[in-house]
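Worksheet for the structure shown next.
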Amino acid sequence: MNFSEHNKDLDLLQKYYNGKLSDAEKNALEQRALEDPFLKEAMDGFDEHPNSFNQFHARHIKGNTALGKTMLIAISVLVGMSIMVYLVNQNIEEPSATNDIALMDSLASEDFVEVEVLPTAIETLVVANEEDLIAIEEIVENKILIEKEHQTDINQNDEDVEHPIEIDAHDDHIEDEDFHPEDEHHNQNLENSAAATYLHDMYVVDYREISRKKKYISYLRYDLPGLSADFESEEAERETELIEREVRIPYMTYLEKGMSYFADRKYKRALNCYSIILEQYDDDINALFYGGLCYYNTSKYSTAISQFDQILTHELNAFKEEAKWYKAKALVKLNKTSEAQIILDEIIVAGGFYTKDAIMLKKSL
Amino acid sequence: MLLGLLFRKNIKTATDVELVNYVKQDRKEAEGELFQRYSILVFGLCLKYFKNKQLAEDMTMNIFEKLHGKIKKSEISNFKSWLYSVARNECLMELRKNKVKEADIDHALITKHDEGLEELKLSQLNETKFQLLEKAVGELKDEQKQCIELFYLKRKSYDEVSNMTGFDLKKVKSYIQNGKRNLKIILERNSEFFRA
């Protein structure tokens with residue numbers, strides 16, 4: 001293989017595992033893998049271990065810009081030296097570019113590991129007990145079933161379950177269900193569903209398909225220079241040795257970071273990502289929903305509720321059923337039983353996915 | 001230093017064959033470039049065999065450390081395939097060394113590989129073949145039929161197939177693999193397919 005072919009492979013894989021490929025593109029890569037055993041086995045491994053691709057890539061694979069950076073450093077050194085020579089001749093003190101060059105040099109040539117530095121407000125949160133958590137498994141499984149129900153509703157758009165069956169007294173046949181009502185969709189939410197994709201098996205609205213002014217997230221990135229023997233070790237995060245840089249990365253890449261933390265049950269780190277997103281996009285529905293779940297999982301039920309409320313009145317149609325259900329659960333946690341009952345009744349009447357759960361929860365109050 | 005930079009630029013655009021030759025000449029940068037190109041595939045493979053991120057990473061580093069010696073001793077025409085069999089053998093040897101019982105080594109790891117089913121390359125089918133293929137798909141068990149149709153005919157990704165059918169990812173892959181095998185058997189029974 002030559003340079004461009006395998007580079008394309010690596011590039012495709014990176015996009016595949018970061019939710020940047022369309023469904024058809026994903027399918028094309030998967031079909032290719034079925035004929036390339038090496039690729040297939042590698043992808044099997046990555047499929048079983050979410051985020052392992054990104055972790056390995058971040059630690060070991062230099063981006064394409066590594067060469068560019070090296071050239072830039074080489075040129076800077078030459079230019080710097082020329083300036084120095086000129087200025088020495090002019091007897092004026094030269095500006096020193098060496099500190100910047102040293103920093104760029106170390107960033108370009110060393111492997112470094114990003115560490116999360118959490119603001120105090122998030123650092124001091126305490127993750128709730130196992131039985132009180134909303135974990136990824138629940139989110140993923142429910143979403144599959146909710147989507148299935150929506151699909152069934154689309155297929156049944158000719159039938160209105162509330163339409164009464166008329167019995168003609170003169171005829172012993174029952175009027176069949178060919179009669180359909182004016183509006184095609186029984187489920188009011190189906191028509192305006194936002195474009196979506198999955199990151200770490202979790203449903204997210206795909207903002208690349210929606211016009212939004214900015215497409216990037218800016219944040220302060222902290223890196224520990226040099227390889228850490230155990231890249232998951234928290235003892236390695238000693239702040240005094242960290243390199244701080246303001247970076248700007250595409251929204252979906254940053255969101256993937258948050259989703260990866262959530263999938264690993266690192267709710268505080270995930271919450272940090274979602275909070276940073278909300279600072280820059282205060283109505284980001286993914287950050288509102290998954291951030292709300294993180295607040296729930298750290299027992300900040302009121303904050304969770306306020307985020308879920310924003311989803312319920314959001315212009316985008318996503319997470320509405322889930323937001324309502326988890327709001328009800330949060331109200332129960334706060335012992336606001338009467339408020340919870342109102343929401344649970346609304347869920348029951350709507351007849352959506354959480355109806356049975358709502359009935360059971362209501363009974364237990 | 002500039003010469004070094006120029007060499008590094010060449011490395012990036014060199015073919016695998018050229019890199020292997022550089023490695024035989026003990027040029028360290030070439031080894032580094034091979035690592036850049038292939039370590040992640042090796043890592044994924046080790047992840048599949050060892051089911052543990054740390055072990056997989058250690059094994060990957062191990063394999064690449066030994067690569068120089070192995071390359072010098074071998075005639076390699078296709079580096080990617082060669083690396084694949086090296087990596088696989090190292091993993092299996094390690095698993096056996098750790099006294100993992102033969103039976104416990106995931107059967108899937110040592111079975112023969114899935115061969116491509118040419119017939120599923122839809123663009124190469126004429127109308128007759130296409131109809132025969134559709135009929136053959138119709139003879140598959142429900143789950144295999146569903147997954148094959150969604151994956152090959154509707155070109156849905158594994159994720160999408162999983163969402164639409166409710167089967168988990170592993171099951172989807174297995175239905176597709178078994179479905180393909182059965183399709184091959186059905187198509188071979190019907191020799192008309194190959195005459196069309």
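Numbering starts fresh at 1 for the residues of each chain in the structure tokens, the chains themselves are lettered A, B, ... in the order given, and ligands are numbered from 1 as they appear.
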
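Residue-level contact on chain A: within 7 Å of chain B, counting only C-alpha atoms, the set is Met1, Asn2, Phe3, His6, Asp23, Ala24, Lys26, Asn27, Leu34, Glu35, Phe38, Leu39, Glu41, Ala42, Met43, Asp44, Gly45, Phe46, Ile61, Ile144 and Lys148 of chain A.
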
Output N, CA and C atoms of each residue in that selection to a file, as a compact mmCIF listing (two decimals), in the first residue's frame.
```
# COMPACT_ATOMS: atom_id res chain seq x y z
N MET A 1 0.85 -1.20 0.00
CA MET A 1 0.00 0.00 0.00
C MET A 1 0.88 1.24 0.00
N ASN A 2 0.42 2.26 -0.64
CA ASN A 2 1.21 3.48 -0.57
C ASN A 2 0.64 4.40 0.51
N PHE A 3 1.30 5.50 0.65
CA PHE A 3 0.99 6.45 1.72
C PHE A 3 -0.48 6.86 1.71
N HIS A 6 -3.32 3.92 2.88
CA HIS A 6 -3.51 3.54 4.28
C HIS A 6 -3.89 4.75 5.10
N ASP A 23 -24.40 7.16 7.18
CA ASP A 23 -24.73 5.75 7.32
C ASP A 23 -24.21 4.94 6.13
N ALA A 24 -24.37 5.50 4.94
CA ALA A 24 -23.92 4.78 3.73
C ALA A 24 -22.40 4.62 3.74
N LYS A 26 -20.51 4.48 6.41
CA LYS A 26 -20.19 3.47 7.42
C LYS A 26 -20.37 2.09 6.83
N ASN A 27 -21.49 1.93 6.12
CA ASN A 27 -21.77 0.64 5.49
C ASN A 27 -20.67 0.25 4.53
N LEU A 34 -15.30 -6.70 5.61
CA LEU A 34 -15.63 -8.12 5.48
C LEU A 34 -14.71 -8.81 4.49
N GLU A 35 -14.03 -8.02 3.65
CA GLU A 35 -13.11 -8.64 2.70
C GLU A 35 -11.66 -8.39 3.07
N PHE A 38 -7.73 -8.21 8.31
CA PHE A 38 -7.00 -7.40 9.28
C PHE A 38 -7.91 -6.27 9.77
N LEU A 39 -8.49 -5.58 8.82
CA LEU A 39 -9.39 -4.48 9.14
C LEU A 39 -10.58 -4.99 9.95
N GLU A 41 -10.84 -7.66 11.93
CA GLU A 41 -10.52 -8.06 13.30
C GLU A 41 -10.24 -6.83 14.16
N ALA A 42 -9.57 -5.85 13.56
CA ALA A 42 -9.29 -4.63 14.32
C ALA A 42 -10.60 -3.94 14.69
N MET A 43 -11.52 -3.85 13.72
CA MET A 43 -12.78 -3.18 14.02
C MET A 43 -13.61 -3.97 15.03
N ASP A 44 -13.52 -5.30 14.98
CA ASP A 44 -14.19 -6.12 15.99
C ASP A 44 -13.70 -5.72 17.37
N GLY A 45 -12.39 -5.58 17.49
CA GLY A 45 -11.80 -5.21 18.78
C GLY A 45 -12.30 -3.85 19.24
N PHE A 46 -12.31 -2.87 18.34
CA PHE A 46 -12.74 -1.53 18.71
C PHE A 46 -14.22 -1.49 19.04
N ILE A 61 -0.59 8.22 17.72
CA ILE A 61 -0.55 8.57 16.31
C ILE A 61 -0.46 10.07 16.16
N ILE A 144 -33.46 2.44 21.62
CA ILE A 144 -33.74 1.47 20.55
C ILE A 144 -35.24 1.19 20.51
N LYS A 148 -38.07 2.21 17.74
CA LYS A 148 -38.88 1.15 17.13
C LYS A 148 -40.34 1.54 17.16
```

> Quick one: of A:Glu30, A:Tyr86, A:Leu133, A:Glu244, who's nearest to Val113 (chain A), counting only C-alpha atoms?
Replying inline: A:Glu244

>> Could you check the closest approach to Phe262 (chain A) for each of A:Ser22, A:Gln280, A:Asn297, A:Asn89 and tell me which residue wins, using only C-alpha atoms?
In response: A:Asn297

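The neighbours of region 331-334 of chain A here are the residues that come within 7 Å of it, using only C-alpha atoms and leaving out any residue fewer than 5 positions away in the same chain; they are Tyr301, Glu339 and Ala340 of chain A.
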